[in-house]
file final13.txt (compact mmCIF, C-alpha atoms)
# COMPACT_ATOMS: atom_id res chain seq x y z
CA MET Q 1 7.65 2.10 10.83
CA ASP Q 2 6.00 -1.22 11.65
CA ALA Q 3 2.73 -3.06 11.05
CA LYS Q 4 0.94 -0.94 13.65
CA GLN Q 5 2.26 2.40 12.38
CA LEU Q 6 2.72 2.56 8.61
CA SER Q 7 4.54 5.26 6.68
CA GLN Q 8 2.30 7.81 4.99
CA ARG Q 9 3.11 6.15 1.66
CA LEU Q 10 1.99 2.66 2.70
CA ALA Q 11 -0.99 4.01 4.66
CA THR Q 12 -2.17 5.72 1.47
CA VAL Q 13 -1.83 2.46 -0.46
CA GLY Q 14 -3.77 0.66 2.25
CA ALA Q 15 -6.55 3.24 2.26
CA PHE Q 16 -7.56 2.10 -1.23
CA VAL Q 17 -8.12 -1.51 -0.13
CA LYS Q 18 -11.84 -2.18 0.14
CA PRO Q 19 -13.22 -3.62 3.41
CA GLY Q 20 -13.26 -7.41 3.34
CA ALA Q 21 -10.86 -7.64 0.39
CA ARG Q 22 -8.65 -10.64 -0.31
CA VAL Q 23 -5.26 -9.05 -0.93
CA ALA Q 24 -1.92 -10.09 -2.39
CA ASP Q 25 0.88 -7.69 -1.49
CA ILE Q 26 3.74 -8.34 -3.91
CA GLY Q 27 7.24 -7.41 -2.76
CA SER Q 28 5.88 -7.29 0.78
CA ASP Q 29 9.23 -7.26 2.64
CA HIS Q 30 8.23 -7.33 6.34
CA ALA Q 31 4.52 -7.76 5.43
CA TYR Q 32 3.83 -4.48 7.21
CA LEU Q 33 1.04 -3.45 4.81
CA PRO Q 34 -1.05 -6.66 4.82
CA ALA Q 35 -0.39 -7.12 8.55
CA ASN Q 36 -1.70 -3.61 9.24
CA LEU Q 37 -4.80 -4.29 7.14
CA ALA Q 38 -5.38 -7.56 9.00
CA LEU Q 39 -4.87 -5.96 12.42
CA ASN Q 40 -7.48 -3.34 11.51
CA HIS Q 41 -9.89 -6.01 10.23
CA GLN Q 42 -9.87 -4.36 6.80
CA ILE Q 43 -9.18 -7.58 4.87
CA SER Q 44 -10.53 -11.11 5.11
CA TYR Q 45 -7.38 -12.78 3.75
CA GLY Q 46 -3.92 -11.76 2.60
CA ILE Q 47 -0.78 -12.99 0.86
CA ALA Q 48 2.64 -11.45 1.50
CA GLY Q 49 4.65 -12.34 -1.59
CA GLU Q 50 8.44 -12.09 -1.72
CA VAL Q 51 10.97 -13.30 -4.27
CA VAL Q 52 14.02 -12.98 -1.95
CA GLN Q 53 14.60 -15.39 0.93
CA GLY Q 54 15.54 -12.75 3.54
CA PRO Q 55 12.48 -10.52 3.12
CA PHE Q 56 10.29 -13.65 2.89
CA GLU Q 57 11.59 -14.77 6.29
CA ASN Q 58 10.96 -11.26 7.64
CA ALA Q 59 7.36 -11.42 6.43
CA ARG Q 60 6.79 -14.88 7.88
CA HIS Q 61 8.26 -13.85 11.23
CA GLU Q 62 6.11 -10.68 11.37
CA ILE Q 63 2.92 -12.62 10.63
CA GLN Q 64 3.71 -15.18 13.35
CA LYS Q 65 4.74 -12.50 15.88
CA LEU Q 66 1.44 -10.66 15.44
CA GLY Q 67 -0.67 -13.82 15.64
CA LEU Q 68 -2.08 -13.37 12.13
CA THR Q 69 -1.40 -16.82 10.68
CA ASP Q 70 -5.14 -17.50 10.32
CA VAL Q 71 -5.52 -14.47 8.02
CA LEU Q 72 -2.11 -13.99 6.36
CA VAL Q 73 0.36 -16.27 4.65
CA ALA Q 74 3.87 -15.44 3.41
CA ARG Q 75 4.90 -17.01 0.09
CA LEU Q 76 8.34 -17.22 -1.50
CA ALA Q 77 7.61 -16.72 -5.20
CA ASP Q 78 8.42 -14.52 -8.19
CA GLY Q 79 5.83 -11.77 -8.60
CA LEU Q 80 2.22 -12.86 -8.98
CA ALA Q 81 3.24 -16.52 -8.86
CA ALA Q 82 2.65 -16.07 -5.11
CA ILE Q 83 -1.08 -16.18 -5.87
CA GLU Q 84 -2.84 -19.57 -6.01
CA PRO Q 85 -6.38 -20.11 -7.39
CA ALA Q 86 -7.71 -21.17 -3.98
CA ASP Q 87 -6.70 -17.77 -2.54
CA ARG Q 88 -9.49 -16.05 -4.53
CA ILE Q 89 -7.49 -12.81 -4.51
CA ASP Q 90 -9.47 -9.76 -5.67
CA THR Q 91 -6.95 -7.00 -4.88
CA VAL Q 92 -3.23 -6.72 -5.64
CA THR Q 93 -0.90 -4.14 -4.11
CA ILE Q 94 2.61 -3.49 -5.43
CA ALA Q 95 4.54 -0.65 -3.82
CA GLY Q 96 8.08 0.68 -3.87
CA MET Q 97 9.30 -0.64 -7.22
CA GLY Q 98 10.11 1.02 -10.50
CA GLY Q 99 7.30 1.35 -13.04
CA PRO Q 100 8.96 -0.93 -15.62
CA LEU Q 101 9.36 -3.68 -13.00
CA ILE Q 102 5.73 -3.33 -11.86
CA ARG Q 103 4.64 -3.57 -15.49
CA HIS Q 104 6.80 -6.67 -15.99
CA ILE Q 105 5.28 -8.32 -12.90
CA LEU Q 106 1.76 -7.61 -14.15
CA GLU Q 107 2.54 -8.88 -17.66
CA GLN Q 108 4.22 -12.06 -16.42
CA GLY Q 109 1.41 -12.72 -13.95
CA ALA Q 110 -1.54 -12.39 -16.33
CA PRO Q 111 -3.01 -15.81 -15.37
CA GLN Q 112 -3.06 -14.84 -11.68
CA LEU Q 113 -4.90 -11.59 -12.46
CA VAL Q 114 -8.02 -13.30 -13.83
CA GLY Q 115 -10.13 -12.76 -10.71
CA VAL Q 116 -8.46 -9.53 -9.60
CA GLN Q 117 -10.75 -6.49 -9.63
CA ARG Q 118 -8.49 -3.81 -8.12
CA LEU Q 119 -4.81 -2.92 -8.52
CA ILE Q 120 -3.16 -0.47 -6.12
CA LEU Q 121 0.28 0.44 -7.42
CA GLU Q 122 3.01 2.76 -6.16
CA PRO Q 123 5.77 3.00 -8.76
CA ASN Q 124 8.70 5.08 -7.52
CA VAL Q 125 9.69 5.95 -11.12
CA GLY Q 126 8.19 5.32 -14.56
CA GLU Q 127 4.55 5.93 -13.65
CA ALA Q 128 3.60 6.53 -17.30
CA THR Q 129 4.45 2.98 -18.39
CA VAL Q 130 2.24 1.62 -15.60
CA ARG Q 131 -0.67 3.79 -16.73
CA GLU Q 132 -0.15 2.59 -20.31
CA TRP Q 133 -0.33 -1.05 -19.16
CA LEU Q 134 -3.48 -0.37 -17.12
CA ALA Q 135 -5.27 1.19 -20.10
CA THR Q 136 -4.19 -1.59 -22.48
CA ASN Q 137 -5.44 -4.25 -20.06
CA GLN Q 138 -8.79 -2.62 -19.24
CA PHE Q 139 -8.00 -1.36 -15.76
CA GLN Q 140 -9.33 2.15 -15.30
CA ILE Q 141 -7.67 4.52 -12.85
CA VAL Q 142 -10.30 5.55 -10.30
CA ALA Q 143 -8.09 7.53 -7.92
CA GLU Q 144 -4.54 8.85 -7.60
CA ARG Q 145 -2.56 10.42 -4.81
CA ILE Q 146 0.80 12.20 -4.80
CA LEU Q 147 2.69 12.83 -1.58
CA ALA Q 148 6.11 13.86 -0.34
CA GLU Q 149 7.72 11.91 2.49
CA ASP Q 150 11.33 11.73 3.72
CA GLY Q 151 12.66 13.69 0.76
CA HIS Q 152 10.93 11.54 -1.87
CA THR Q 153 7.81 12.05 -3.96
CA TYR Q 154 5.43 9.12 -4.38
CA GLU Q 155 2.46 8.52 -6.67
CA ILE Q 156 -0.19 5.94 -5.80
CA LEU Q 157 -2.49 4.67 -8.57
CA CYS Q 158 -5.73 2.83 -7.85
CA ALA Q 159 -7.31 1.08 -10.83
CA ASP Q 160 -10.38 -1.14 -11.21
CA ARG Q 161 -11.10 -3.73 -13.89
CA VAL Q 162 -13.68 -2.56 -16.44
CA ASP Q 163 -15.36 -4.18 -19.43
CA HIS Q 164 -14.77 -1.31 -21.84
CA ALA Q 165 -11.80 0.28 -23.60
CA VAL Q 166 -9.67 2.68 -21.56
CA THR Q 167 -7.70 5.47 -23.21
CA TYR Q 168 -5.57 8.31 -21.88
CA THR Q 169 -4.11 11.32 -23.62
CA ALA Q 170 -0.33 11.69 -23.68
CA ALA Q 171 -0.60 14.23 -20.84
CA GLU Q 172 -2.89 12.00 -18.75
CA GLN Q 173 -0.54 9.06 -19.20
CA LEU Q 174 2.50 11.10 -18.15
CA PHE Q 175 1.00 13.13 -15.30
CA GLY Q 176 -1.98 11.00 -14.25
CA PRO Q 177 -5.59 12.00 -15.03
CA PHE Q 178 -6.52 12.82 -11.43
CA LEU Q 179 -3.18 14.39 -10.48
CA LEU Q 180 -3.29 16.51 -13.63
CA ALA Q 181 -6.74 17.81 -12.70
CA GLU Q 182 -5.77 18.49 -9.08
CA GLN Q 183 -2.32 20.05 -9.68
CA SER Q 184 -1.33 20.03 -6.01
CA PRO Q 185 1.78 21.86 -4.73
CA VAL Q 186 3.61 18.50 -4.48
CA PHE Q 187 2.68 17.75 -8.11
CA ILE Q 188 3.90 21.16 -9.32
CA ALA Q 189 7.18 20.82 -7.40
CA LYS Q 190 7.80 17.36 -8.86
CA TRP Q 191 7.33 18.50 -12.44
CA GLN Q 192 9.41 21.65 -11.95
CA ARG Q 193 12.28 19.39 -10.89
CA GLU Q 194 11.64 17.02 -13.77
CA LEU Q 195 11.63 19.92 -16.26
CA GLN Q 196 15.07 20.97 -15.03
CA ARG Q 197 16.33 17.40 -15.33
CA VAL Q 198 15.03 16.91 -18.88
CA ASN Q 199 16.34 20.28 -20.01
CA ALA Q 200 19.79 19.33 -18.69
CA ALA Q 201 19.57 15.99 -20.51
CA VAL Q 202 18.65 17.74 -23.77
CA ALA Q 203 21.60 20.12 -23.42
CA GLN Q 204 23.90 17.14 -22.92
CA MET Q 205 22.48 15.32 -25.96
CA GLN Q 206 22.93 18.39 -28.12
CA ARG Q 207 26.63 18.53 -27.18
CA ALA Q 208 27.21 14.90 -28.21
CA LYS Q 209 29.33 14.15 -31.28
CA VAL Q 210 26.51 11.98 -32.60
CA ILE Q 211 23.16 13.45 -31.56
CA PRO Q 212 20.67 10.70 -30.55
CA ALA Q 213 17.80 12.06 -32.62
CA GLU Q 214 15.10 9.71 -31.31
CA HIS Q 215 15.93 10.30 -27.63
CA LEU Q 216 16.16 14.04 -28.28
CA ALA Q 217 12.74 14.12 -29.94
CA ARG Q 218 11.15 12.24 -27.02
CA ALA Q 219 12.79 14.57 -24.50
CA ASN Q 220 11.63 17.68 -26.36
CA ALA Q 221 8.08 16.32 -26.54
CA LYS Q 222 8.16 15.71 -22.79
CA ILE Q 223 9.44 19.25 -22.17
CA LYS Q 224 6.57 20.64 -24.22
CA LEU Q 225 4.01 18.69 -22.16
CA ILE Q 226 5.56 19.71 -18.83
CA GLU Q 227 5.83 23.36 -19.81
CA GLY Q 228 2.19 23.34 -20.91
CA VAL Q 229 1.02 21.96 -17.58
CA LEU Q 230 3.19 24.30 -15.50
CA THR Q 231 2.02 27.31 -17.53
CA ASP Q 232 -1.62 26.35 -16.96
CA ALA Q 233 -0.97 25.87 -13.25
CA SER Q 234 0.51 29.35 -12.87
CA LYS Q 235 -2.52 31.10 -14.36
call {"tool": "encode", "arguments": {"input": "final13.txt", "output": "structure tokens"}}
result
Amino acid sequence: MDAKQLSQRLATVGAFVKPGARVADIGSDHAYLPANLALNHQISYGIAGEVVQGPFENARHEIQKLGLTDVLVARLADGLAAIEPADRIDTVTIAGMGGPLIRHILEQGAPQLVGVQRLILEPNVGEATVREWLATNQFQIVAERILAEDGHTYEILCADRVDHAVTYTAAEQLFGPFLLAEQSPVFIAKWQRELQRVNAAVAQMQRAKVIPAEHLARANAKIKLIEGVLTDASK
């Protein structure tokens, strides 16, 4: 993979970026995503944000190598601190991190999100906590994709800022409103695996000398939701 040929996962993230957008890609590593968008004239400006020196240097080198310094800039900063007011960023992409970390980045970077209209997020675990944050902060999910690549399953969430309250049911928060409605083969396979994992965890908790009642209750509630969805899908 490189800036000219993205993975399916990153290409899917990039497909949700509107033409002419001003993008901040947080945790950009080699800046492959924003560089690809710039090469295809899909964005007017981009930030490749990195908190680690090595990946920041990779991003800076890639931008210079591709001759994109007039469109892209690499910044060494923690999370959304990479965004400056003069950037006028309207779109933020965060891909390849855990859901709790993505949520933390969004919470810590609230001041930098003031002008942002679209968030494109790809949590590799903990998608539900990201959806909860989006609803609480008036970002409405407008599209979702789930895909399998190189032995992993990825979910991409695209959410736009709205001026009204956003609410999701427990099932929509866990599974994703669009993914739940679509119930693709990749979606079904993911939740079949997750059901096995949670059932095994419950069995282990029940064998413990001191049963963790709160964790057990949460796990059983999750099992009930998953079983309900899988039963509906098999009809």
call {"tool": "closest_atom_pairs", "arguments": {"input": "final13.txt", "of": "range 2-38 of chain Q", "to": "range 53-61 of chain Q", "cutoff": "9 Å", "atoms": "all atoms listed in the file", "output": "JSON lines"}}
result
{"residue": "Q:Gly27", "atom": "CA", "partner": "Q:Pro55", "partner_atom": "CA", "distance": 8.5}
{"residue": "Q:Ser28", "atom": "CA", "partner": "Q:Ala59", "partner_atom": "CA", "distance": 7.2}
{"residue": "Q:Asp29", "atom": "CA", "partner": "Q:Pro55", "partner_atom": "CA", "distance": 4.6}
{"residue": "Q:His30", "atom": "CA", "partner": "Q:Ala59", "partner_atom": "CA", "distance": 4.2}
{"residue": "Q:Ala31", "atom": "CA", "partner": "Q:Ala59", "partner_atom": "CA", "distance": 4.7}
{"residue": "Q:Tyr32", "atom": "CA", "partner": "Q:Ala59", "partner_atom": "CA", "distance": 7.8}
call {"tool": "residues_around", "arguments": {"input": "final13.txt", "residues": "Thr231 in chain Q", "least_positions_apart": "4", "cutoff": "12 Å", "atoms": "all atoms listed in the file", "output": "ChimeraX atom specification"}}
result
/Q:183,188,191-192,223-227,235
call {"tool": "atom_distance", "arguments": {"input": "final13.txt", "atom1": "CA of Val166 in chain Q", "atom2": "CA of Glu132 in chain Q"}}
result
9.6 Å
call {"tool": "residues_near_point", "arguments": {"input": "final13.txt", "point": "(3.3, -21.4, 2.6)", "cutoff": "12 Å", "atoms": "only C-alpha atoms", "output": "NGL selection string"}}
result
:Q and (47-50 or 56-57 or 59-60 or 63 or 69 or 72-77 or 82-84 or 87)
call {"tool": "closest_residue", "arguments": {"input": "final13.txt", "among": "Q:Gln112, Q:Ile156, Q:Ser7, Q:Arg161", "to": "Leu134 in chain Q", "atoms": "only C-alpha atoms"}}
result
Q:Arg161
call {"tool": "residues_around", "arguments": {"input": "final13.txt", "residues": "Lys4 in chain Q", "least_positions_apart": "5", "cutoff": "10 Å", "atoms": "all atoms listed in the file", "output": "PDB file with C-alpha atoms, in the frame of the given file"}}
result
ATOM      1  CA  TYR Q  32       3.830  -4.480   7.210  1.00  0.00           C
ATOM      2  CA  LEU Q  33       1.040  -3.450   4.810  1.00  0.00           C
ATOM      3  CA  ALA Q  35      -0.390  -7.120   8.550  1.00  0.00           C
ATOM      4  CA  ASN Q  36      -1.700  -3.610   9.240  1.00  0.00           C
ATOM      5  CA  LEU Q  37      -4.800  -4.290   7.140  1.00  0.00           C
ATOM      6  CA  LEU Q  39      -4.870  -5.960  12.420  1.00  0.00           C
ATOM      7  CA  ASN Q  40      -7.480  -3.340  11.510  1.00  0.00           C
ATOM      8  CA  LEU Q  66       1.440 -10.660  15.440  1.00  0.00           C
TER       9      LEU Q  66
END
call {"tool": "closest_residue", "arguments": {"input": "final13.txt", "among": "Q:Ser234, Q:Gln196, Q:Gln108, Q:Asn124", "to": "His152 in chain Q", "atoms": "all atoms listed in the file"}}
result
Q:Asn124
call {"tool": "residues_around", "arguments": {"input": "final13.txt", "residues": "Ala143 in chain Q", "least_positions_apart": "4", "cutoff": "9 Å", "atoms": "all atoms listed in the file", "output": "tab-separated table (two decimals) with C-alpha atoms, keeping the file's coordinate frame"}}
result
chain	number	residue	atom	x	y	z
Q	16	PHE	CA	-7.56	2.10	-1.23
Q	156	ILE	CA	-0.19	5.94	-5.80
Q	157	LEU	CA	-2.49	4.67	-8.57
Q	158	CYS	CA	-5.73	2.83	-7.85
Q	159	ALA	CA	-7.31	1.08	-10.83
Q	177	PRO	CA	-5.59	12.00	-15.03
Q	178	PHE	CA	-6.52	12.82	-11.43
Q	179	LEU	CA	-3.18	14.39	-10.48
call {"tool": "closest_residue", "arguments": {"input": "final13.txt", "among": "Q:Gly96, Q:Gly20, Q:Gly46, Q:Gly151", "to": "Gly126 in chain Q", "atoms": "only C-alpha atoms"}}
result
Q:Gly96
call {"tool": "residues_around", "arguments": {"input": "final13.txt", "residues": "Ile120 in chain Q", "least_positions_apart": "3", "cutoff": "10 Å", "atoms": "all atoms listed in the file", "output": "list in words"}}
result
Thr12, Val13, Gly14, Ala15, Phe16, Val17, Asp25, Thr91, Val92, Thr93, Ile94, Ala95, Pro123, Ile141, Ala143, Glu144, Ile156, Leu157, Cys158, Ala159 and Asp160 of chain Q
call {"tool": "write_last_selection", "arguments": {"input": "final13.txt", "atoms": "C-alpha atoms", "output": "mmCIF file, in the coordinates of the input"}}
result
data_model
loop_
_atom_site.group_PDB
_atom_site.id
_atom_site.type_symbol
_atom_site.label_atom_id
_atom_site.label_comp_id
_atom_site.auth_asym_id
_atom_site.auth_seq_id
_atom_site.Cartn_x
_atom_site.Cartn_y
_atom_site.Cartn_z
ATOM 1 C CA THR Q 12 -2.170 5.720 1.470
ATOM 2 C CA VAL Q 13 -1.830 2.460 -0.460
ATOM 3 C CA GLY Q 14 -3.770 0.660 2.250
ATOM 4 C CA ALA Q 15 -6.550 3.240 2.260
ATOM 5 C CA PHE Q 16 -7.560 2.100 -1.230
ATOM 6 C CA VAL Q 17 -8.120 -1.510 -0.130
ATOM 7 C CA ASP Q 25 0.880 -7.690 -1.490
ATOM 8 C CA THR Q 91 -6.950 -7.000 -4.880
ATOM 9 C CA VAL Q 92 -3.230 -6.720 -5.640
ATOM 10 C CA THR Q 93 -0.900 -4.140 -4.110
ATOM 11 C CA ILE Q 94 2.610 -3.490 -5.430
ATOM 12 C CA ALA Q 95 4.540 -0.650 -3.820
ATOM 13 C CA PRO Q 123 5.770 3.000 -8.760
ATOM 14 C CA ILE Q 141 -7.670 4.520 -12.850
ATOM 15 C CA ALA Q 143 -8.090 7.530 -7.920
ATOM 16 C CA GLU Q 144 -4.540 8.850 -7.600
ATOM 17 C CA ILE Q 156 -0.190 5.940 -5.800
ATOM 18 C CA LEU Q 157 -2.490 4.670 -8.570
ATOM 19 C CA CYS Q 158 -5.730 2.830 -7.850
ATOM 20 C CA ALA Q 159 -7.310 1.080 -10.830
ATOM 21 C CA ASP Q 160 -10.380 -1.140 -11.210
#
call {"tool": "decode", "arguments": {"input": "final13.txt", "residues": "range 163-175 of chain Q", "atoms": "N, CA and C atoms", "output": "short mmCIF file (atom, residue, chain, number, x, y, z; two decimals), in the first residue's frame"}}
result
data_model
loop_
_atom_site.label_atom_id
_atom_site.label_comp_id
_atom_site.auth_asym_id
_atom_site.auth_seq_id
_atom_site.Cartn_x
_atom_site.Cartn_y
_atom_site.Cartn_z
N ASP Q 163 -28.05 20.12 14.14
CA ASP Q 163 -28.48 21.06 15.17
C ASP Q 163 -29.66 20.54 15.99
N HIS Q 164 -29.80 19.21 16.01
CA HIS Q 164 -30.88 18.60 16.79
C HIS Q 164 -30.34 17.42 17.57
N ALA Q 165 -31.12 16.95 18.53
CA ALA Q 165 -30.69 15.82 19.36
C ALA Q 165 -30.59 14.54 18.52
N VAL Q 166 -29.61 13.73 18.83
CA VAL Q 166 -29.41 12.44 18.15
C VAL Q 166 -29.50 11.33 19.19
N THR Q 167 -30.33 10.35 18.92
CA THR Q 167 -30.45 9.21 19.84
C THR Q 167 -30.41 7.91 19.06
N TYR Q 168 -29.82 6.89 19.70
CA TYR Q 168 -29.78 5.55 19.12
C TYR Q 168 -30.27 4.55 20.15
N THR Q 169 -30.93 3.51 19.69
CA THR Q 169 -31.31 2.43 20.59
C THR Q 169 -30.05 1.68 21.00
N ALA Q 170 -30.18 0.82 22.00
CA ALA Q 170 -29.04 0.02 22.44
C ALA Q 170 -28.50 -0.82 21.29
N ALA Q 171 -29.40 -1.38 20.47
CA ALA Q 171 -28.98 -2.20 19.33
C ALA Q 171 -28.29 -1.36 18.28
N GLU Q 172 -28.82 -0.17 17.99
CA GLU Q 172 -28.20 0.71 16.98
C GLU Q 172 -26.82 1.16 17.43
N GLN Q 173 -26.67 1.42 18.72
CA GLN Q 173 -25.38 1.85 19.23
C GLN Q 173 -24.34 0.73 19.14
N LEU Q 174 -24.77 -0.49 19.43
CA LEU Q 174 -23.85 -1.63 19.40
C LEU Q 174 -23.51 -2.05 17.97
N PHE Q 175 -24.52 -2.18 17.13
CA PHE Q 175 -24.33 -2.74 15.78
C PHE Q 175 -24.15 -1.69 14.70
#
